[in-house]
>>> print(open('target-v2.tsv').read())   # TSV, C-alpha atoms and all ligand atoms
chain	number	residue	atom	x	y	z
A	25	MET	CA	70.87	-59.10	-155.96
A	26	SER	CA	70.93	-60.10	-159.61
A	27	GLN	CA	73.86	-59.40	-161.92
A	28	GLU	CA	71.71	-56.96	-163.94
A	29	ASP	CA	71.46	-54.66	-160.92
A	30	TYR	CA	75.14	-53.73	-161.30
A	31	SER	CA	75.62	-50.68	-163.45
A	32	GLY	CA	78.24	-48.02	-164.16
A	33	PHE	CA	82.04	-48.00	-164.15
A	34	MET	CA	83.98	-47.22	-161.01
A	35	VAL	CA	87.52	-45.87	-160.98
A	36	PHE	CA	89.65	-46.18	-157.87
A	37	ALA	CA	91.06	-42.65	-157.48
A	38	GLU	CA	94.57	-43.32	-156.25
A	39	GLN	CA	96.03	-40.42	-154.31
A	40	HIS	CA	99.12	-40.03	-152.22
A	41	ASP	CA	99.49	-37.10	-149.83
A	42	GLY	CA	96.74	-35.21	-151.64
A	43	VAL	CA	98.12	-35.74	-155.14
A	44	ILE	CA	96.07	-37.84	-157.54
A	45	HIS	CA	98.06	-40.41	-159.50
A	46	PRO	CA	97.63	-39.53	-163.22
A	47	VAL	CA	96.61	-43.10	-164.09
A	48	THR	CA	93.31	-42.17	-162.39
A	49	PHE	CA	92.57	-39.54	-165.05
A	50	GLU	CA	93.40	-42.00	-167.82
A	51	LEU	CA	91.03	-44.56	-166.29
A	52	LEU	CA	88.29	-41.96	-165.94
A	53	GLY	CA	88.64	-41.20	-169.66
A	54	LYS	CA	88.24	-44.88	-170.54
A	55	ALA	CA	85.38	-45.29	-168.05
A	56	ARG	CA	83.56	-42.38	-169.76
A	57	GLU	CA	83.87	-44.09	-173.12
A	58	LEU	CA	82.54	-47.38	-171.68
A	59	ALA	CA	79.72	-45.73	-169.74
A	60	GLU	CA	78.58	-43.73	-172.75
A	61	LYS	CA	78.41	-46.93	-174.77
A	62	LYS	CA	76.27	-48.55	-172.05
A	63	GLY	CA	74.25	-45.45	-171.19
A	64	SER	CA	75.47	-45.73	-167.59
A	65	LYS	CA	77.52	-43.63	-165.18
A	66	VAL	CA	81.14	-43.11	-164.16
A	67	TYR	CA	81.94	-43.29	-160.46
A	68	ALA	CA	85.16	-42.48	-158.66
A	69	ALA	CA	86.10	-43.84	-155.24
A	70	LEU	CA	88.24	-41.34	-153.35
A	71	LEU	CA	89.72	-42.69	-150.12
A	72	GLY	CA	92.01	-40.74	-147.83
A	73	TYR	CA	92.27	-38.23	-145.03
A	74	ASN	CA	91.25	-34.65	-145.84
A	75	ALA	CA	91.34	-35.57	-149.51
A	76	GLY	CA	87.70	-34.69	-150.30
A	77	SER	CA	88.74	-31.45	-152.01
A	78	LEU	CA	90.14	-33.55	-154.85
A	79	SER	CA	86.60	-34.58	-155.87
A	80	SER	CA	86.16	-31.72	-158.32
A	81	GLU	CA	89.31	-32.76	-160.22
A	82	LEU	CA	87.80	-36.22	-160.66
A	83	ILE	CA	84.57	-34.70	-161.97
A	84	TYR	CA	86.47	-32.44	-164.39
A	85	TYR	CA	88.14	-35.55	-165.81
A	86	GLY	CA	84.93	-37.51	-166.29
A	87	ALA	CA	83.37	-38.76	-163.03
A	88	ASP	CA	79.59	-38.34	-162.63
A	89	ARG	CA	79.67	-39.15	-158.95
A	90	VAL	CA	82.53	-39.26	-156.47
A	91	TYR	CA	82.23	-41.42	-153.36
A	92	VAL	CA	84.46	-39.92	-150.68
A	93	VAL	CA	85.66	-41.86	-147.67
A	94	ASP	CA	87.42	-39.46	-145.34
A	95	SER	CA	89.05	-40.98	-142.30
A	96	GLU	CA	92.27	-40.53	-140.38
A	97	LYS	CA	92.66	-44.29	-140.68
A	98	LEU	CA	93.17	-43.78	-144.42
A	99	LYS	CA	95.96	-41.24	-143.98
A	100	VAL	CA	98.60	-43.77	-144.96
A	101	PHE	CA	98.10	-46.79	-147.19
A	102	ASP	CA	97.13	-49.51	-144.73
A	103	VAL	CA	95.78	-52.09	-147.15
A	104	MET	CA	93.35	-53.57	-144.61
A	105	HIS	CA	91.67	-50.20	-143.98
A	106	TYR	CA	91.68	-49.37	-147.68
A	107	LYS	CA	90.17	-52.74	-148.52
A	108	ASP	CA	87.33	-52.41	-146.01
A	109	ALA	CA	86.61	-48.78	-146.90
A	110	PHE	CA	86.65	-49.49	-150.64
A	111	LEU	CA	84.31	-52.46	-150.15
A	112	LYS	CA	81.83	-50.09	-148.49
A	113	VAL	CA	81.91	-47.81	-151.53
A	114	ILE	CA	81.47	-50.73	-153.92
A	115	GLU	CA	78.54	-52.02	-151.89
A	116	LYS	CA	76.88	-48.61	-152.19
A	117	ALA	CA	77.56	-47.95	-155.88
A	118	LYS	CA	77.24	-51.51	-157.23
A	119	PRO	CA	79.25	-50.82	-160.37
A	120	GLU	CA	79.36	-53.19	-163.31
A	121	ALA	CA	83.14	-52.91	-163.37
A	122	ILE	CA	85.97	-51.48	-161.28
A	123	LEU	CA	89.08	-50.03	-162.91
A	124	MET	CA	92.30	-49.58	-160.95
A	125	GLY	CA	95.80	-48.47	-161.86
A	126	ALA	CA	98.35	-51.29	-162.04
A	127	THR	CA	100.52	-49.32	-159.65
A	128	ASN	CA	102.07	-50.70	-156.47
A	129	THR	CA	98.98	-49.53	-154.59
A	130	GLY	CA	96.54	-50.91	-157.17
A	131	ARG	CA	98.35	-54.21	-157.40
A	132	THR	CA	98.27	-54.56	-153.62
A	133	LEU	CA	94.64	-53.60	-153.18
A	134	ALA	CA	92.89	-55.10	-156.23
A	135	PRO	CA	93.42	-58.82	-155.45
A	136	ARG	CA	92.14	-58.33	-151.90
A	137	ILE	CA	88.99	-56.65	-153.20
A	138	SER	CA	88.40	-59.31	-155.82
A	139	ALA	CA	88.90	-62.08	-153.25
A	140	ALA	CA	86.49	-60.39	-150.83
A	141	LEU	CA	83.86	-59.99	-153.58
A	142	LYS	CA	84.58	-63.44	-155.04
A	143	THR	CA	84.83	-61.86	-158.46
A	144	GLY	CA	87.30	-62.02	-161.34
A	145	LEU	CA	90.25	-59.67	-161.71
A	146	THR	CA	92.08	-59.15	-165.00
A	147	ALA	CA	95.50	-57.62	-164.45
A	148	ASP	CA	97.49	-55.33	-166.77
A	149	CYS	CA	94.79	-54.82	-169.38
A	150	THR	CA	95.87	-53.11	-172.58
A	151	ASP	CA	92.33	-52.31	-173.70
A	152	LEU	CA	88.76	-52.39	-172.42
A	153	PHE	CA	85.64	-52.27	-174.57
A	154	ILE	CA	81.96	-53.12	-174.77
A	155	ASP	CA	81.19	-55.82	-177.33
A	156	GLU	CA	78.17	-55.97	-179.62
A	157	LYS	CA	76.21	-57.86	-176.93
A	158	GLY	CA	76.92	-55.15	-174.38
A	159	ASN	CA	79.47	-57.22	-172.45
A	160	PHE	CA	82.46	-55.57	-170.79
A	161	ILE	CA	85.58	-57.08	-172.39
A	162	GLN	CA	89.11	-56.86	-171.04
A	163	VAL	CA	92.09	-57.29	-173.35
A	164	ARG	CA	95.48	-58.38	-172.07
A	165	PRO	CA	98.58	-60.04	-173.49
A	166	ALA	CA	98.85	-63.77	-172.87
A	167	PHE	CA	101.46	-66.43	-173.61
A	168	SER	CA	104.39	-64.03	-173.09
A	169	GLY	CA	102.68	-61.31	-175.07
A	170	ASN	CA	102.36	-63.36	-178.25
A	171	ILE	CA	98.55	-63.22	-178.29
A	172	PHE	CA	95.97	-60.82	-176.91
A	173	ALA	CA	93.27	-62.54	-174.87
A	174	HIS	CA	89.75	-61.05	-174.76
A	175	ILE	CA	88.35	-61.75	-171.32
A	176	GLY	CA	84.78	-61.40	-170.11
A	177	THR	CA	84.10	-61.81	-166.39
A	178	LYS	CA	80.99	-63.81	-165.44
A	179	THR	CA	80.69	-62.36	-161.93
A	180	LYS	CA	80.02	-58.72	-161.11
A	181	PRO	CA	81.58	-56.32	-160.55
A	182	ALA	CA	84.30	-57.23	-163.03
A	183	MET	CA	87.70	-55.92	-162.00
A	184	ALA	CA	90.56	-54.73	-164.17
A	185	THR	CA	93.93	-53.14	-163.54
A	186	VAL	CA	95.58	-51.02	-166.22
A	187	ARG	CA	99.12	-49.73	-166.32
A	188	TYR	CA	99.92	-46.03	-166.36
A	189	ARG	CA	100.17	-44.52	-169.87
A	190	THR	CA	98.01	-47.24	-171.45
A	191	PHE	CA	95.05	-44.89	-172.02
A	192	LYS	CA	94.79	-41.18	-172.62
A	193	ALA	CA	93.01	-38.89	-170.19
A	194	ILE	CA	90.25	-36.74	-171.67
A	195	GLU	CA	90.66	-32.95	-171.67
A	196	LYS	CA	90.03	-31.45	-168.26
A	197	ASP	CA	86.65	-29.71	-168.39
A	198	THR	CA	86.14	-27.37	-165.45
A	199	SER	CA	82.51	-26.80	-166.46
A	200	ARG	CA	81.60	-30.46	-165.82
A	201	LYS	CA	79.22	-31.03	-162.93
A	202	GLY	CA	78.90	-34.11	-160.76
A	203	GLU	CA	77.74	-35.35	-157.38
A	204	VAL	CA	79.79	-36.02	-154.29
A	205	GLU	CA	78.60	-38.61	-151.78
A	206	LYS	CA	80.23	-39.26	-148.43
A	207	VAL	CA	80.63	-42.80	-147.20
A	208	GLU	CA	81.28	-43.38	-143.50
A	209	TYR	CA	84.10	-45.65	-142.41
A	210	SER	CA	85.03	-46.42	-138.83
A	211	GLY	CA	87.12	-49.60	-139.17
A	212	PRO	CA	89.11	-51.34	-136.45
A	213	ASP	CA	91.75	-49.46	-134.46
A	214	ASP	CA	94.31	-52.13	-135.11
A	215	THR	CA	94.52	-53.95	-138.42
A	216	GLY	CA	97.75	-55.70	-137.57
A	217	TYR	CA	99.66	-53.31	-139.82
A	218	LYS	CA	101.70	-50.40	-138.57
A	219	VAL	CA	103.53	-47.94	-140.80
A	220	LEU	CA	106.68	-47.14	-138.84
A	221	GLU	CA	108.38	-44.81	-141.27
A	222	LYS	CA	108.13	-43.75	-144.88
A	223	ILE	CA	111.51	-44.01	-146.56
A	224	PRO	CA	111.49	-42.16	-149.87
A	225	ARG	CA	113.53	-43.76	-152.60
A	226	GLU	CA	114.88	-42.21	-155.71
A	227	LYS	CA	112.29	-43.14	-158.27
A	228	VAL	CA	112.77	-42.93	-162.00
A	229	ASN	CA	109.58	-41.85	-163.68
A	230	ILE	CA	110.36	-43.29	-167.08
A	231	SER	CA	106.70	-43.29	-168.17
A	232	ASP	CA	106.69	-39.48	-168.26
A	233	ALA	CA	110.11	-39.07	-169.93
A	234	GLU	CA	110.20	-37.07	-173.17
A	235	VAL	CA	113.49	-38.55	-174.35
A	236	ILE	CA	114.67	-42.08	-173.52
A	237	VAL	CA	118.01	-43.66	-174.27
A	238	ALA	CA	117.33	-47.37	-173.84
A	239	VAL	CA	119.88	-50.13	-173.89
A	240	GLY	CA	119.74	-53.89	-174.20
A	241	LYS	CA	121.82	-57.01	-174.25
A	242	GLY	CA	124.07	-55.54	-176.92
A	243	LEU	CA	125.92	-54.12	-173.94
A	244	LYS	CA	128.71	-56.45	-172.87
A	245	LYS	CA	129.08	-55.55	-169.21
A	246	LYS	CA	127.46	-53.51	-166.47
A	247	GLU	CA	130.29	-50.96	-166.36
A	248	ASP	CA	129.55	-50.05	-169.99
A	249	LEU	CA	126.27	-48.51	-168.88
A	250	LYS	CA	128.42	-45.44	-168.28
A	251	ILE	CA	128.52	-44.54	-172.01
A	252	ILE	CA	124.74	-44.89	-172.22
A	253	GLU	CA	124.33	-42.66	-169.15
A	254	ASP	CA	126.73	-40.13	-170.69
A	255	LEU	CA	124.66	-39.99	-173.87
A	256	ALA	CA	121.43	-39.73	-171.87
A	257	LYS	CA	122.84	-36.88	-169.80
A	258	LEU	CA	123.84	-34.92	-172.90
A	259	LEU	CA	120.34	-35.33	-174.33
A	260	ASN	CA	118.59	-34.64	-171.04
A	261	ALA	CA	117.14	-38.10	-171.39
A	262	THR	CA	116.12	-40.90	-169.04
A	263	VAL	CA	117.91	-44.24	-169.30
A	264	GLY	CA	115.68	-47.16	-170.28
A	265	ALA	CA	116.54	-50.85	-170.46
A	266	SER	CA	115.35	-54.16	-171.80
A	267	ARG	CA	114.47	-56.82	-169.27
A	268	PRO	CA	117.64	-58.94	-169.38
A	269	LEU	CA	119.61	-56.02	-167.92
A	270	VAL	CA	117.15	-55.76	-165.07
A	271	ASP	CA	117.19	-59.52	-164.50
A	272	ASP	CA	120.99	-59.40	-164.35
A	273	ASP	CA	120.75	-56.62	-161.76
A	274	TRP	CA	122.61	-54.13	-163.92
A	275	ILE	CA	119.85	-51.54	-163.52
A	276	SER	CA	116.68	-51.19	-161.43
A	277	ARG	CA	113.23	-52.27	-162.61
A	278	ASP	CA	112.11	-48.62	-162.71
A	279	HIS	CA	114.09	-48.38	-165.96
A	280	GLN	CA	112.59	-51.44	-167.66
A	281	VAL	CA	110.51	-50.87	-170.78
A	282	GLY	CA	108.01	-53.45	-171.96
A	283	PHE	CA	105.39	-56.03	-171.18
A	284	SER	CA	106.52	-56.66	-167.61
A	285	GLY	CA	108.08	-53.21	-167.18
A	286	ASN	CA	106.85	-49.73	-168.04
A	287	ILE	CA	104.87	-48.37	-170.95
A	288	VAL	CA	106.56	-45.31	-172.39
A	289	LYS	CA	105.54	-42.74	-175.00
A	290	PRO	CA	108.49	-40.35	-175.28
A	291	LYS	CA	108.99	-37.92	-178.14
A	292	ILE	CA	112.30	-39.64	-178.90
A	293	TYR	CA	113.23	-43.25	-178.10
A	294	ILE	CA	116.78	-44.36	-178.80
A	295	ALA	CA	117.13	-48.16	-178.71
A	296	ILE	CA	120.74	-49.26	-178.42
A	297	GLY	CA	121.62	-52.95	-178.72
A	298	ILE	CA	117.98	-53.96	-178.33
A	299	SER	CA	116.64	-56.63	-180.68
A	300	GLY	CA	112.98	-55.58	-180.51
A	301	SER	CA	111.19	-58.57	-178.99
A	302	PRO	CA	107.36	-58.35	-178.85
A	303	GLN	CA	107.67	-58.03	-175.06
A	304	HIS	CA	109.89	-54.98	-175.44
A	305	THR	CA	108.14	-53.24	-178.32
A	306	VAL	CA	104.72	-53.46	-176.65
A	307	GLY	CA	106.11	-50.94	-174.16
A	308	MET	CA	107.58	-48.40	-176.62
A	309	LYS	CA	105.70	-48.76	-179.90
A	310	ASP	CA	103.78	-45.50	-179.39
A	311	SER	CA	106.96	-43.41	-179.07
A	312	GLY	CA	107.35	-40.40	-181.36
A	313	ILE	CA	110.64	-40.83	-183.20
A	314	VAL	CA	112.48	-44.12	-182.74
A	315	ILE	CA	116.20	-44.28	-183.47
A	316	SER	CA	117.90	-47.66	-183.21
A	317	ILE	CA	121.54	-48.65	-183.13
A	318	ASN	CA	122.14	-52.31	-183.81
A	319	LYS	CA	124.83	-54.34	-185.51
A	320	ASP	CA	122.23	-56.69	-186.98
A	321	PRO	CA	120.47	-55.03	-189.95
A	322	ASN	CA	117.65	-57.58	-189.62
A	323	ALA	CA	116.89	-56.95	-185.94
A	324	PRO	CA	113.09	-56.76	-185.49
A	325	ILE	CA	113.41	-53.31	-183.86
A	326	ALA	CA	114.05	-51.99	-187.41
A	327	GLU	CA	110.34	-52.34	-188.11
A	328	TYR	CA	109.56	-49.84	-185.33
A	329	SER	CA	112.40	-47.45	-186.16
A	330	ASP	CA	112.30	-44.15	-188.01
A	331	TYR	CA	116.11	-44.16	-188.17
A	332	PHE	CA	118.15	-47.34	-188.02
A	333	ILE	CA	121.90	-47.13	-187.60
A	334	VAL	CA	123.65	-50.39	-188.45
A	335	GLY	CA	126.80	-50.51	-186.40
A	336	ASP	CA	128.58	-51.51	-183.23
A	337	LEU	CA	127.27	-49.49	-180.31
A	338	TYR	CA	130.81	-49.29	-178.92
A	339	GLU	CA	131.79	-47.31	-182.01
A	340	VAL	CA	128.55	-45.43	-182.74
A	341	VAL	CA	127.70	-44.16	-179.24
A	342	PRO	CA	131.11	-42.54	-178.51
A	343	LYS	CA	130.96	-40.86	-181.94
A	344	LEU	CA	127.46	-39.60	-181.21
A	345	ILE	CA	128.60	-38.23	-177.86
A	346	GLU	CA	131.53	-36.48	-179.53
A	347	GLU	CA	129.31	-34.91	-182.20
A	348	ILE	CA	126.69	-33.74	-179.69
A	349	LYS	CA	129.41	-32.24	-177.50
A	350	LYS	CA	130.82	-30.39	-180.52
A	351	LYS	CA	127.37	-29.06	-181.41
A	352	LYS	CA	126.78	-27.97	-177.82
A	353	GLY	CA	130.25	-26.48	-177.62
A	354	THR	CA	131.04	-28.39	-174.43
B	401	LIG	C1	106.72	-63.04	-169.64
B	401	LIG	C2	107.84	-62.24	-170.26
B	401	LIG	C3	107.87	-60.87	-170.06
B	401	LIG	C4	108.89	-60.11	-170.62
B	401	LIG	N1	108.89	-58.76	-170.42
B	401	LIG	C5	109.84	-58.01	-171.01
B	401	LIG	C6	109.84	-56.59	-170.86
B	401	LIG	O1	109.01	-56.00	-170.17
B	401	LIG	N2	110.80	-55.90	-171.49
B	401	LIG	C7	111.78	-56.49	-172.25
B	401	LIG	O2	112.62	-55.77	-172.79
B	401	LIG	N3	111.80	-57.83	-172.38
B	401	LIG	C8	110.88	-58.59	-171.77
B	401	LIG	N4	110.94	-59.95	-171.90
B	401	LIG	C9	112.13	-60.55	-172.52
B	401	LIG	C10	112.06	-60.57	-174.04
B	401	LIG	O3	111.42	-61.75	-174.47
B	401	LIG	C11	113.47	-60.52	-174.66
B	401	LIG	O4	114.22	-61.60	-174.16
B	401	LIG	C12	114.21	-59.22	-174.36
B	401	LIG	O5	113.41	-58.11	-174.69
B	401	LIG	C13	115.49	-59.17	-175.17
B	401	LIG	O6	116.26	-58.09	-174.75
B	401	LIG	P1	117.36	-57.46	-175.68
B	401	LIG	O7	116.75	-56.96	-176.94
B	401	LIG	O8	118.12	-56.49	-174.86
B	401	LIG	O9	118.35	-58.68	-175.94
B	401	LIG	P2	118.60	-59.53	-177.25
B	401	LIG	O10	117.33	-60.05	-177.80
B	401	LIG	O11	119.66	-60.49	-176.90
B	401	LIG	O12	119.15	-58.48	-178.31
B	401	LIG	C14	120.40	-57.87	-178.23
B	401	LIG	C15	120.54	-57.03	-179.49
B	401	LIG	O13	121.74	-56.32	-179.42
B	401	LIG	C16	122.36	-56.35	-180.68
B	401	LIG	N5	123.80	-56.19	-180.43
B	401	LIG	C17	124.65	-57.07	-179.87
B	401	LIG	N6	125.87	-56.52	-179.75
B	401	LIG	C18	125.77	-55.26	-180.25
B	401	LIG	C19	126.70	-54.20	-180.40
B	401	LIG	N7	127.97	-54.30	-179.98
B	401	LIG	N8	126.27	-53.05	-180.97
B	401	LIG	C20	124.98	-52.90	-181.41
B	401	LIG	N9	124.07	-53.89	-181.29
B	401	LIG	C21	124.46	-55.05	-180.70
B	401	LIG	C22	122.00	-57.69	-181.27
B	401	LIG	O14	122.08	-57.67	-182.68
B	401	LIG	C23	120.57	-57.85	-180.77
B	401	LIG	O15	119.66	-57.32	-181.70
B	401	LIG	C24	109.92	-60.73	-171.37
B	401	LIG	C25	109.86	-62.11	-171.58
B	401	LIG	C26	108.85	-62.86	-171.03
B	401	LIG	C27	108.82	-64.34	-171.26
>>> encode(input="target-v2.tsv", output="structure tokens", more="lines below")
Ligand SMILES: Cc1cc2nc3c(=O)[nH]c(=O)nc-3n(C[C@H](O)[C@H](O)[C@H](O)COP(=O)(O)OP(=O)(O)OC[C@H]3O[C@@H](n4cnc5c(N)ncnc54)[C@H](O)[C@@H]3O)c2cc1C
Amino acid sequence: MSQEDYSGFMVFAEQHDGVIHPVTFELLGKARELAEKKGSKVYAALLGYNAGSLSSELIYYGADRVYVVDSEKLKVFDVMHYKDAFLKVIEKAKPEAILMGATNTGRTLAPRISAALKTGLTADCTDLFIDEKGNFIQVRPAFSGNIFAHIGTKTKPAMATVRYRTFKAIEKDTSRKGEVEKVEYSGPDDTGYKVLEKIPREKVNISDAEVIVAVGKGLKKKEDLKIIEDLAKLLNATVGASRPLVDDDWISRDHQVGFSGNIVKPKIYIAIGISGSPQHTVGMKDSGIVISINKDPNAPIAEYSDYFIVGDLYEVVPKLIEEIKKKKGT
């Protein structure tokens, strides 16, 4: 089959226990934009057990055709089953490109698919577009985020992963119509994997937070996180952090904002003792109002700030807490 025979953009519709991960809707929105530019179609691959009813949601958010693989073997995320079932869908649809969320699931599955198809995979893309020659181009930070590389993949389908909150989903349109096609999957009884138990962990969903109080290396010791948590609690905010705090094991990676952490777009982002490295700001630059507290008036974060308080966080934060408490009457 020649490379020209591949057409359309396929989104892997990630779902867990019947709930579609919102990155899927964002990817469908981007896939629509790309497909319209190429005059091609948007496909969604929906894998799971009794998950077929989610197809209409995918169509409302931009899919022209949903390939559904419904099998009890896909009830839990066994990567070997998911890989084989997804390969069947890809073989049927022959898309020009496959878009997947850079989630734990996407990051586990995508490399296996790309290895099986002997095709290129570009991870953590920040943009995707069609160039003037009609080529699918993937943009991602390179050299520690100091440049943005534009990557074209020679083999097809091209594969890209994109982090949650990178793109915007299009408006849900319940009048949209699309096709649903079932794909059979039998698969082996034993893949060598066995899910013994699912242990839920407390997960911080910082990407969806409306208010974030983020802290960086301006903090002197782990115990001082308490004042940041106190401020966050008063503001009903989620605590964010720069990477050094995560590397030092002061706080879990779920809280990290930036290039190798999470992309956030809160209404209010308070950056305390954070210098504003390119790797940090790439994750928060689309926030609504940015308020920074830093003792260095020349800290690069100033450029991204609507309000910049020059001062020692150990003096400013307790005062802020006091004032907010007074206002709240607590
Ligand atoms: C491949 C790669 C990926 C990376 N990914 C990320 C990422 O996802 N997220 C991320 O954040 N970083 C990331 N980094 C690290 C990044 O390059 C910076 O090192 C990091 O962002 C700096 O964190 P910081 O601003 O907390 O610390 P610093 O740069 O050390 O800044 C501390 C700031 O606190 C101020 N300060 C000090 N004391 C006080 C005080 N008492 N009161 C008020 N202000 C004070 C200082 O003036 C300074 O501006 C990455 C780096 C690499 C190479």
>>> closest_residue(input="target-v2.tsv", among="A:Lys250, A:Arg200, A:Arg189, A:Lys245", to="ligand LIG 401 (chain B)", atoms="only C-alpha atoms and all ligand atoms")
A:Lys245
>>> residues_near_ligand(input="target-v2.tsv", ligand="ligand LIG 401 (chain B)", cutoff="6 Å", atoms="all atoms listed in the file", output="MDAnalysis selection string")
chainID A and resid 168 240:242 266:268 281:285 297:301 303:304 317:320 323 335:338
>>> closest_atom_pairs(input="target-v2.tsv", of="segment 46-99 of chain A", to="segment 107-129 of chain A", cutoff="12 Å", atoms="all atoms listed in the file", output="CSV")
residue,atom,partner,partner_atom,distance
A:Pro46,CA,A:Gly125,CA,9.2
A:Val47,CA,A:Gly125,CA,5.9
A:Thr48,CA,A:Gly125,CA,6.8
A:Phe49,CA,A:Gly125,CA,10.0
A:Glu50,CA,A:Gly125,CA,9.1
A:Leu51,CA,A:Leu123,CA,6.7
A:Leu52,CA,A:Leu123,CA,8.7
A:Gly53,CA,A:Leu123,CA,11.1
A:Lys54,CA,A:Leu123,CA,9.2
A:Ala55,CA,A:Leu123,CA,7.9
A:Arg56,CA,A:Leu123,CA,11.7
A:Leu58,CA,A:Ala121,CA,10.0
A:Ala59,CA,A:Glu120,CA,9.9
A:Lys62,CA,A:Glu120,CA,10.4
A:Ser64,CA,A:Glu120,CA,9.4
A:Lys65,CA,A:Pro119,CA,8.8
A:Val66,CA,A:Pro119,CA,8.8
A:Tyr67,CA,A:Ala117,CA,7.9
A:Ala68,CA,A:Ile122,CA,9.4
A:Ala69,CA,A:Val113,CA,6.9
A:Leu70,CA,A:Phe110,CA,8.7
A:Leu71,CA,A:Phe110,CA,7.5
A:Gly72,CA,A:Ala109,CA,9.7
A:Asp88,CA,A:Ala117,CA,11.9
A:Arg89,CA,A:Ala117,CA,9.6
A:Val90,CA,A:Val113,CA,9.9
A:Tyr91,CA,A:Val113,CA,6.7
A:Val92,CA,A:Val113,CA,8.3
A:Val93,CA,A:Ala109,CA,7.0
A:Asp94,CA,A:Ala109,CA,9.5
A:Ser95,CA,A:Ala109,CA,9.4
A:Glu96,CA,A:Ala109,CA,11.9
A:Lys97,CA,A:Ala109,CA,9.8
A:Leu98,CA,A:Ala109,CA,8.6
>>> closest_residue(input="target-v2.tsv", among="A:Asn170, A:Met308, A:Asp248, A:Val341", to="Tyr328 of chain A", atoms="all atoms listed in the file")
A:Met308
>>> atom_distance(input="target-v2.tsv", atom1="atom CA of Gly144 of chain A", atom2="atom CA of Lys178 of chain A")
7.7 Å
>>> residues_near_point(input="target-v2.tsv", point="(97.4, -37.2, -152.4)", cutoff="12 Å", atoms="only C-alpha atoms", output="mmCIF file with C-alpha atoms, keeping the file's coordinate frame")
data_model
loop_
_atom_site.group_PDB
_atom_site.id
_atom_site.type_symbol
_atom_site.label_atom_id
_atom_site.label_comp_id
_atom_site.auth_asym_id
_atom_site.auth_seq_id
_atom_site.Cartn_x
_atom_site.Cartn_y
_atom_site.Cartn_z
ATOM 1 C CA ALA A 37 91.060 -42.650 -157.480
ATOM 2 C CA GLU A 38 94.570 -43.320 -156.250
ATOM 3 C CA GLN A 39 96.030 -40.420 -154.310
ATOM 4 C CA HIS A 40 99.120 -40.030 -152.220
ATOM 5 C CA ASP A 41 99.490 -37.100 -149.830
ATOM 6 C CA GLY A 42 96.740 -35.210 -151.640
ATOM 7 C CA VAL A 43 98.120 -35.740 -155.140
ATOM 8 C CA ILE A 44 96.070 -37.840 -157.540
ATOM 9 C CA HIS A 45 98.060 -40.410 -159.500
ATOM 10 C CA PRO A 46 97.630 -39.530 -163.220
ATOM 11 C CA THR A 48 93.310 -42.170 -162.390
ATOM 12 C CA LEU A 70 88.240 -41.340 -153.350
ATOM 13 C CA LEU A 71 89.720 -42.690 -150.120
ATOM 14 C CA GLY A 72 92.010 -40.740 -147.830
ATOM 15 C CA TYR A 73 92.270 -38.230 -145.030
ATOM 16 C CA ASN A 74 91.250 -34.650 -145.840
ATOM 17 C CA ALA A 75 91.340 -35.570 -149.510
ATOM 18 C CA GLY A 76 87.700 -34.690 -150.300
ATOM 19 C CA SER A 77 88.740 -31.450 -152.010
ATOM 20 C CA LEU A 78 90.140 -33.550 -154.850
ATOM 21 C CA SER A 79 86.600 -34.580 -155.870
ATOM 22 C CA LEU A 98 93.170 -43.780 -144.420
ATOM 23 C CA LYS A 99 95.960 -41.240 -143.980
ATOM 24 C CA VAL A 100 98.600 -43.770 -144.960
ATOM 25 C CA PHE A 101 98.100 -46.790 -147.190
#
>>> closest_residue(input="target-v2.tsv", among="A:Asp214, A:Asp102, A:Glu81, A:Asp254", to="Gly202 of chain A", atoms="only C-alpha atoms")
A:Glu81
>>> atom_distance(input="target-v2.tsv", atom1="atom CA of Tyr85 of chain A", atom2="atom CA of Leu145 of chain A")
24.6 Å
>>> closest_residue(input="target-v2.tsv", among="A:Tyr209, A:Leu255, A:Pro135, A:Glu28", to="Asn159 of chain A", atoms="only C-alpha atoms")
A:Glu28
